[in-house]
Structure formats: structure tokens, C-alpha cells
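Inspection log for the structure reproduced underneath, given as C-alpha cells.
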Amino acid sequence: MKYTFDIVGVSQVLYFFNHQQQSWQKSPQQGVEYLGTHTCTLDAFLESVESVPAKWGWNFDQVIDTVIQFWLNNSESVNYWKTRLSDAGRDNLLVARVADITALQAEFESLLDKNL
């Protein structure tokens with residue numbers, strides 16, 4: 001199985017929590033997980049991703065490697081989001097998505113179908 005990791009934005013804590021609850025109640029997308037952290041560090045995201053592999057039956061080592069590779073190969077993006085999080089203030093989270101590539105593709109296709 002292949003995985004993907006990407007930072008997707010900054011969100012207010014309550015909005016992120018509400019979005020997570022609504023998404024889970026509507027249709028739990030197996031294989032796509034959104035993570036939130038108050039700090040833009042590799043350690044913070046590695047800590048937040050620890051519970052995800054067990055939840056979906058993912059290969060923990062591959063998920064961790066995917067997050068680390070993103071961090072090493074996308075320093076400009078990481079710095080951009082670190083600045084955006086700092087600008088947003090204390091009551092905000094940096095949001096990232098970790099996903100099984102096949103499940104993420106299915107989620108995108110579902111979104112396209114809804115918009116057609």
C-alpha cells in the first residue's frame with residue numbers, strides 16, 4: 001500500500017473539531033485521515049499520526065516514512081505553513097492529510113461526481 005502526506009491549511013480549533021465530527025458521521029472515509037497540530041514540527045505530526053495506522057490497518061513504518069519524506073523534500077512548503085500558522089494565532093491548528101493513495105483518489109473522484 002502507498003501513502004501520501006500533505007499539509008492542507010490552517011484552521012481554528014473548534015472548526016477543525018466540528019469538521020472531523022461531521023465528516024465521521026456522514027461517511028467515514030476509510031483510508032483518509034486529517035490531522036491537526038498546534039506546532040509546525042515533524043515531531044508534532046509524527047506524534048499525531050501514531051494512532052492512525054492501527055485504526056485503518058496501515059503499515060506504521062511506511063506511514064512514518066511518508067511523513068518524514070514529505071518533510072525532507074518540501075522545506076519551502078513547510079516554512080510557508082509554519083509562517084501561516086504563526087500569523088493565525090494561538091487558537092488555530094495546522095491541518096495535514098495522511099491517506100492511502102487509492103482511498104484519496106476515490107475521495108477526489110467522489111467530490112468531482114458531486115460537482116458534475
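Chain labels follow the order of the C-alpha cells: the first chain is A, the next B, and so on; residue numbering restarts at 1 in every chain, and ligands are counted from 1 in their shown order.
The strand (DSSP E) portion of chain A consists of Tyr3, Thr4, Phe5, Asp6, Ile7, Val8, Gly9, Val10, Ser11, Gln12, Val32, Glu33, Tyr34, Leu35, Gly36, Thr37, Asn92, Leu93, Leu94, Val95, Ala96, Arg97, Val98, Ala99 and Asp100 of chain A, with states taken from DSSP on the backbone.
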Would you pick out the contacts of Val52 in chain A at 10 Å or less, using only C-alpha atoms, so that residues sharing its chain but fewer than 2 positions from it are not included, and give the list as a PDB file with N, CA and C atoms, in the first residue's frame?
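To be explicit, this is the file written out as out-v5.pdb:
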```
ATOM      1  N   GLY A  31      -9.235   5.228   5.110  1.00  0.00           N
ATOM      2  CA  GLY A  31      -8.010   5.435   4.370  1.00  0.00           C
ATOM      3  C   GLY A  31      -7.628   6.880   4.163  1.00  0.00           C
ATOM      4  N   VAL A  32      -8.412   7.825   4.676  1.00  0.00           N
ATOM      5  CA  VAL A  32      -8.069   9.247   4.607  1.00  0.00           C
ATOM      6  C   VAL A  32      -8.247   9.827   6.005  1.00  0.00           C
ATOM      7  N   GLU A  33      -7.201  10.436   6.523  1.00  0.00           N
ATOM      8  CA  GLU A  33      -7.248  10.969   7.882  1.00  0.00           C
ATOM      9  C   GLU A  33      -6.690  12.390   7.889  1.00  0.00           C
ATOM     10  N   TYR A  34      -7.400  13.292   8.568  1.00  0.00           N
ATOM     11  CA  TYR A  34      -6.932  14.671   8.717  1.00  0.00           C
ATOM     12  C   TYR A  34      -6.393  14.840  10.126  1.00  0.00           C
ATOM     13  N   LEU A  35      -5.228  15.459  10.227  1.00  0.00           N
ATOM     14  CA  LEU A  35      -4.532  15.624  11.492  1.00  0.00           C
ATOM     15  C   LEU A  35      -4.375  17.104  11.791  1.00  0.00           C
ATOM     16  N   SER A  48       1.055  12.913  16.062  1.00  0.00           N
ATOM     17  CA  SER A  48      -0.377  12.903  15.729  1.00  0.00           C
ATOM     18  C   SER A  48      -0.757  11.740  14.821  1.00  0.00           C
ATOM     19  N   VAL A  49       0.202  11.206  14.088  1.00  0.00           N
ATOM     20  CA  VAL A  49      -0.097  10.124  13.155  1.00  0.00           C
ATOM     21  C   VAL A  49       0.008   8.742  13.818  1.00  0.00           C
ATOM     22  N   GLU A  50       0.480   8.690  15.057  1.00  0.00           N
ATOM     23  CA  GLU A  50       0.723   7.405  15.716  1.00  0.00           C
ATOM     24  C   GLU A  50      -0.504   6.508  15.811  1.00  0.00           C
ATOM     25  N   ALA A  54      -3.084   1.949  13.164  1.00  0.00           N
ATOM     26  CA  ALA A  54      -3.854   0.892  13.820  1.00  0.00           C
ATOM     27  C   ALA A  54      -5.332   0.997  13.460  1.00  0.00           C
ATOM     28  N   LYS A  55      -5.808   2.218  13.338  1.00  0.00           N
ATOM     29  CA  LYS A  55      -7.214   2.462  13.028  1.00  0.00           C
ATOM     30  C   LYS A  55      -7.596   1.894  11.664  1.00  0.00           C
ATOM     31  N   TRP A  56      -6.736   2.036  10.671  1.00  0.00           N
ATOM     32  CA  TRP A  56      -7.049   1.607   9.305  1.00  0.00           C
ATOM     33  C   TRP A  56      -6.285   0.352   8.880  1.00  0.00           C
ATOM     34  N   GLY A  57      -5.462  -0.196   9.760  1.00  0.00           N
ATOM     35  CA  GLY A  57      -4.679  -1.370   9.386  1.00  0.00           C
ATOM     36  C   GLY A  57      -3.508  -1.038   8.475  1.00  0.00           C
ATOM     37  N   TRP A  58      -3.022   0.190   8.561  1.00  0.00           N
ATOM     38  CA  TRP A  58      -1.906   0.624   7.717  1.00  0.00           C
ATOM     39  C   TRP A  58      -0.578   0.118   8.255  1.00  0.00           C
ATOM     40  N   ASN A  59       0.423   0.126   7.390  1.00  0.00           N
ATOM     41  CA  ASN A  59       1.788  -0.210   7.769  1.00  0.00           C
ATOM     42  C   ASN A  59       2.403   1.025   8.436  1.00  0.00           C
ATOM     43  N   PHE A  60       2.595   0.951   9.736  1.00  0.00           N
ATOM     44  CA  PHE A  60       3.063   2.097  10.516  1.00  0.00           C
ATOM     45  C   PHE A  60       4.383   2.652   9.993  1.00  0.00           C
ATOM     46  N   VAL A  63       3.903   4.660   6.801  1.00  0.00           N
ATOM     47  CA  VAL A  63       3.237   5.939   7.061  1.00  0.00           C
ATOM     48  C   VAL A  63       4.242   6.939   7.633  1.00  0.00           C
ATOM     49  N   VAL A  98      -3.151  12.606   5.806  1.00  0.00           N
ATOM     50  CA  VAL A  98      -2.392  11.400   5.507  1.00  0.00           C
ATOM     51  C   VAL A  98      -3.404  10.398   4.968  1.00  0.00           C
ATOM     52  N   ALA A  99      -3.027   9.713   3.900  1.00  0.00           N
ATOM     53  CA  ALA A  99      -4.016   8.852   3.253  1.00  0.00           C
ATOM     54  C   ALA A  99      -3.361   7.723   2.487  1.00  0.00           C
TER      55      ALA A  99
END
```
May I have a table of the residues of range 16-54 of chain A lying at most 9 Å from range 84-92 of chain A, giving each one's closest pair of atoms and their distance in Å to one decimal, counting only C-alpha atoms, ordered by chain and ascending residue number, as a tab-separated table?
```
residue	atom	partner	partner_atom	distance
A:Phe16	CA	A:Asn92	CA	8.9
A:Thr37	CA	A:Asn92	CA	8.5
A:His38	CA	A:Asn92	CA	6.7
A:Thr39	CA	A:Leu85	CA	7.9
A:Cys40	CA	A:Leu85	CA	7.6
```
Hey, can you check how far CA of Val10 in chain A sits from CA of Leu93 in chain A?
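Distance between the two atoms: 5.6 Å.
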Just asking: which residues within range 30-74 of chain A are helix (DSSP H, G or I) according to DSSP, as number ranges by chain?
A: 42-49, 52-56, 60-73
Please save N, CA and C atoms of the selected residues as an mmCIF file, in the first residue's frame.
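File result28.cif, as written:
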```cif
data_model
loop_
_atom_site.group_PDB
_atom_site.id
_atom_site.type_symbol
_atom_site.label_atom_id
_atom_site.label_comp_id
_atom_site.auth_asym_id
_atom_site.auth_seq_id
_atom_site.Cartn_x
_atom_site.Cartn_y
_atom_site.Cartn_z
ATOM 1 N N LEU A 42 8.064 18.399 12.639
ATOM 2 C CA LEU A 42 7.990 16.997 12.236
ATOM 3 C C LEU A 42 7.559 16.138 13.418
ATOM 4 N N ASP A 43 8.127 16.389 14.582
ATOM 5 C CA ASP A 43 7.769 15.608 15.773
ATOM 6 C C ASP A 43 6.280 15.690 16.090
ATOM 7 N N ALA A 44 5.694 16.872 15.943
ATOM 8 C CA ALA A 44 4.264 17.039 16.235
ATOM 9 C C ALA A 44 3.415 16.193 15.294
ATOM 10 N N PHE A 45 3.758 16.175 14.008
ATOM 11 C CA PHE A 45 2.971 15.372 13.075
ATOM 12 C C PHE A 45 3.232 13.880 13.253
ATOM 13 N N LEU A 46 4.461 13.506 13.576
ATOM 14 C CA LEU A 46 4.727 12.088 13.832
ATOM 15 C C LEU A 46 3.922 11.615 15.038
ATOM 16 N N GLU A 47 3.829 12.450 16.051
ATOM 17 C CA GLU A 47 3.030 12.100 17.231
ATOM 18 C C GLU A 47 1.550 11.998 16.878
ATOM 19 N N SER A 48 1.055 12.913 16.062
ATOM 20 C CA SER A 48 -0.377 12.903 15.729
ATOM 21 C C SER A 48 -0.757 11.740 14.821
ATOM 22 N N VAL A 49 0.202 11.206 14.088
ATOM 23 C CA VAL A 49 -0.097 10.124 13.155
ATOM 24 C C VAL A 49 0.008 8.742 13.818
ATOM 25 N N VAL A 52 -3.181 6.507 13.826
ATOM 26 C CA VAL A 52 -3.868 6.285 12.553
ATOM 27 C C VAL A 52 -3.623 4.904 11.950
ATOM 28 N N PRO A 53 -2.386 4.416 11.856
ATOM 29 C CA PRO A 53 -2.186 3.112 11.207
ATOM 30 C C PRO A 53 -3.000 1.984 11.836
ATOM 31 N N ALA A 54 -3.084 1.949 13.164
ATOM 32 C CA ALA A 54 -3.854 0.892 13.820
ATOM 33 C C ALA A 54 -5.332 0.997 13.460
ATOM 34 N N LYS A 55 -5.808 2.218 13.338
ATOM 35 C CA LYS A 55 -7.214 2.462 13.028
ATOM 36 C C LYS A 55 -7.596 1.894 11.664
ATOM 37 N N TRP A 56 -6.736 2.036 10.671
ATOM 38 C CA TRP A 56 -7.049 1.607 9.305
ATOM 39 C C TRP A 56 -6.285 0.352 8.880
ATOM 40 N N PHE A 60 2.595 0.951 9.736
ATOM 41 C CA PHE A 60 3.063 2.097 10.516
ATOM 42 C C PHE A 60 4.383 2.652 9.993
ATOM 43 N N ASP A 61 5.342 1.777 9.700
ATOM 44 C CA ASP A 61 6.655 2.235 9.237
ATOM 45 C C ASP A 61 6.557 2.988 7.915
ATOM 46 N N GLN A 62 5.698 2.525 7.014
ATOM 47 C CA GLN A 62 5.534 3.210 5.731
ATOM 48 C C GLN A 62 4.868 4.575 5.910
ATOM 49 N N VAL A 63 3.903 4.660 6.801
ATOM 50 C CA VAL A 63 3.237 5.939 7.061
ATOM 51 C C VAL A 63 4.242 6.939 7.633
ATOM 52 N N ILE A 64 5.010 6.514 8.619
ATOM 53 C CA ILE A 64 6.027 7.384 9.225
ATOM 54 C C ILE A 64 7.036 7.824 8.174
ATOM 55 N N ASP A 65 7.484 6.892 7.335
ATOM 56 C CA ASP A 65 8.443 7.227 6.282
ATOM 57 C C ASP A 65 7.854 8.250 5.308
ATOM 58 N N THR A 66 6.575 8.119 4.984
ATOM 59 C CA THR A 66 5.912 9.068 4.086
ATOM 60 C C THR A 66 5.919 10.476 4.677
ATOM 61 N N VAL A 67 5.618 10.594 5.963
ATOM 62 C CA VAL A 67 5.620 11.903 6.630
ATOM 63 C C VAL A 67 7.038 12.487 6.639
ATOM 64 N N ILE A 68 8.013 11.672 6.973
ATOM 65 C CA ILE A 68 9.406 12.141 7.022
ATOM 66 C C ILE A 68 9.874 12.580 5.637
ATOM 67 N N GLN A 69 9.568 11.793 4.616
ATOM 68 C CA GLN A 69 9.981 12.152 3.253
ATOM 69 C C GLN A 69 9.344 13.463 2.808
ATOM 70 N N PHE A 70 8.074 13.666 3.154
ATOM 71 C CA PHE A 70 7.432 14.947 2.835
ATOM 72 C C PHE A 70 8.216 16.078 3.480
ATOM 73 N N TRP A 71 8.537 15.915 4.750
ATOM 74 C CA TRP A 71 9.215 16.968 5.499
ATOM 75 C C TRP A 71 10.579 17.284 4.889
ATOM 76 N N LEU A 72 11.309 16.253 4.494
ATOM 77 C CA LEU A 72 12.643 16.450 3.925
ATOM 78 C C LEU A 72 12.599 17.059 2.527
ATOM 79 N N ASN A 73 11.591 16.725 1.752
ATOM 80 C CA ASN A 73 11.535 17.131 0.344
ATOM 81 C C ASN A 73 10.716 18.389 0.081
#
```
Would you pick out the contacts of Thr102 in chain A at 12 Å or less, using only C-alpha atoms, so that residues sharing its chain but fewer than 3 positions from it are not included, and give the list as a ChimeraX atom specification?
/A:1-4,29-32,98-99,105-109
Could you turn the residues from that selection into a file that holds N, CA and C atoms, as a PDB file, in the first residue's frame?
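out.pdb was written with the following content:
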```pdb
ATOM      1  N   MET A   1       0.846  -1.167   0.000  1.00  0.00           N
ATOM      2  CA  MET A   1       0.000   0.000   0.000  1.00  0.00           C
ATOM      3  C   MET A   1       0.898   1.239   0.000  1.00  0.00           C
ATOM      4  N   LYS A   2       0.504   2.266  -0.747  1.00  0.00           N
ATOM      5  CA  LYS A   2       1.252   3.524  -0.777  1.00  0.00           C
ATOM      6  C   LYS A   2       0.448   4.598  -0.062  1.00  0.00           C
ATOM      7  N   TYR A   3       1.182   5.517   0.558  1.00  0.00           N
ATOM      8  CA  TYR A   3       0.561   6.569   1.346  1.00  0.00           C
ATOM      9  C   TYR A   3       1.014   7.933   0.849  1.00  0.00           C
ATOM     10  N   THR A   4       0.226   8.938   1.195  1.00  0.00           N
ATOM     11  CA  THR A   4       0.563  10.315   0.874  1.00  0.00           C
ATOM     12  C   THR A   4       0.341  11.176   2.108  1.00  0.00           C
ATOM     13  N   GLN A  29     -14.521   7.988   5.799  1.00  0.00           N
ATOM     14  CA  GLN A  29     -13.687   7.623   4.657  1.00  0.00           C
ATOM     15  C   GLN A  29     -12.525   6.772   5.150  1.00  0.00           C
ATOM     16  N   GLN A  30     -12.615   5.502   4.939  1.00  0.00           N
ATOM     17  CA  GLN A  30     -11.532   4.631   5.352  1.00  0.00           C
ATOM     18  C   GLN A  30     -10.330   4.906   4.472  1.00  0.00           C
ATOM     19  N   GLY A  31      -9.235   5.228   5.110  1.00  0.00           N
ATOM     20  CA  GLY A  31      -8.010   5.435   4.370  1.00  0.00           C
ATOM     21  C   GLY A  31      -7.628   6.880   4.163  1.00  0.00           C
ATOM     22  N   VAL A  32      -8.412   7.825   4.676  1.00  0.00           N
ATOM     23  CA  VAL A  32      -8.069   9.247   4.607  1.00  0.00           C
ATOM     24  C   VAL A  32      -8.247   9.827   6.005  1.00  0.00           C
ATOM     25  N   VAL A  98      -3.151  12.606   5.806  1.00  0.00           N
ATOM     26  CA  VAL A  98      -2.392  11.400   5.507  1.00  0.00           C
ATOM     27  C   VAL A  98      -3.404  10.398   4.968  1.00  0.00           C
ATOM     28  N   ALA A  99      -3.027   9.713   3.900  1.00  0.00           N
ATOM     29  CA  ALA A  99      -4.016   8.852   3.253  1.00  0.00           C
ATOM     30  C   ALA A  99      -3.361   7.723   2.487  1.00  0.00           C
ATOM     31  N   GLN A 105      -7.719   8.940  -3.889  1.00  0.00           N
ATOM     32  CA  GLN A 105      -8.199   9.057  -5.265  1.00  0.00           C
ATOM     33  C   GLN A 105      -9.717   8.876  -5.308  1.00  0.00           C
ATOM     34  N   ALA A 106     -10.228   7.897  -4.561  1.00  0.00           N
ATOM     35  CA  ALA A 106     -11.675   7.662  -4.518  1.00  0.00           C
ATOM     36  C   ALA A 106     -12.403   8.871  -3.922  1.00  0.00           C
ATOM     37  N   GLU A 107     -11.812   9.503  -2.898  1.00  0.00           N
ATOM     38  CA  GLU A 107     -12.430  10.691  -2.297  1.00  0.00           C
ATOM     39  C   GLU A 107     -12.489  11.836  -3.306  1.00  0.00           C
ATOM     40  N   PHE A 108     -11.409  12.047  -4.043  1.00  0.00           N
ATOM     41  CA  PHE A 108     -11.397  13.111  -5.060  1.00  0.00           C
ATOM     42  C   PHE A 108     -12.416  12.837  -6.158  1.00  0.00           C
ATOM     43  N   GLU A 109     -12.501  11.592  -6.602  1.00  0.00           N
ATOM     44  CA  GLU A 109     -13.474  11.238  -7.638  1.00  0.00           C
ATOM     45  C   GLU A 109     -14.899  11.449  -7.143  1.00  0.00           C
TER      46      GLU A 109
END
```
Quick one: pull the distance between CA of Gln21 in chain A and CA of Val95 in chain A, Å, one decimal.
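Result for CA of Gln21 in chain A versus CA of Val95 in chain A: 15.0 Å, one decimal.
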Kindly give the distance, in Å, that separates CA of Ser11 in chain A and CA of Leu94 in chain A, rounded to a single decimal.
6.5 Å
Just checking: using only C-alpha atoms, which residue out of A:Leu112, A:Leu14, A:Val8, A:Ala103 ends up closest to Ser77 in chain A?
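Nearest candidate to Ser77 in chain A out of A:Leu112, A:Leu14, A:Val8, A:Ala103: A:Val8.
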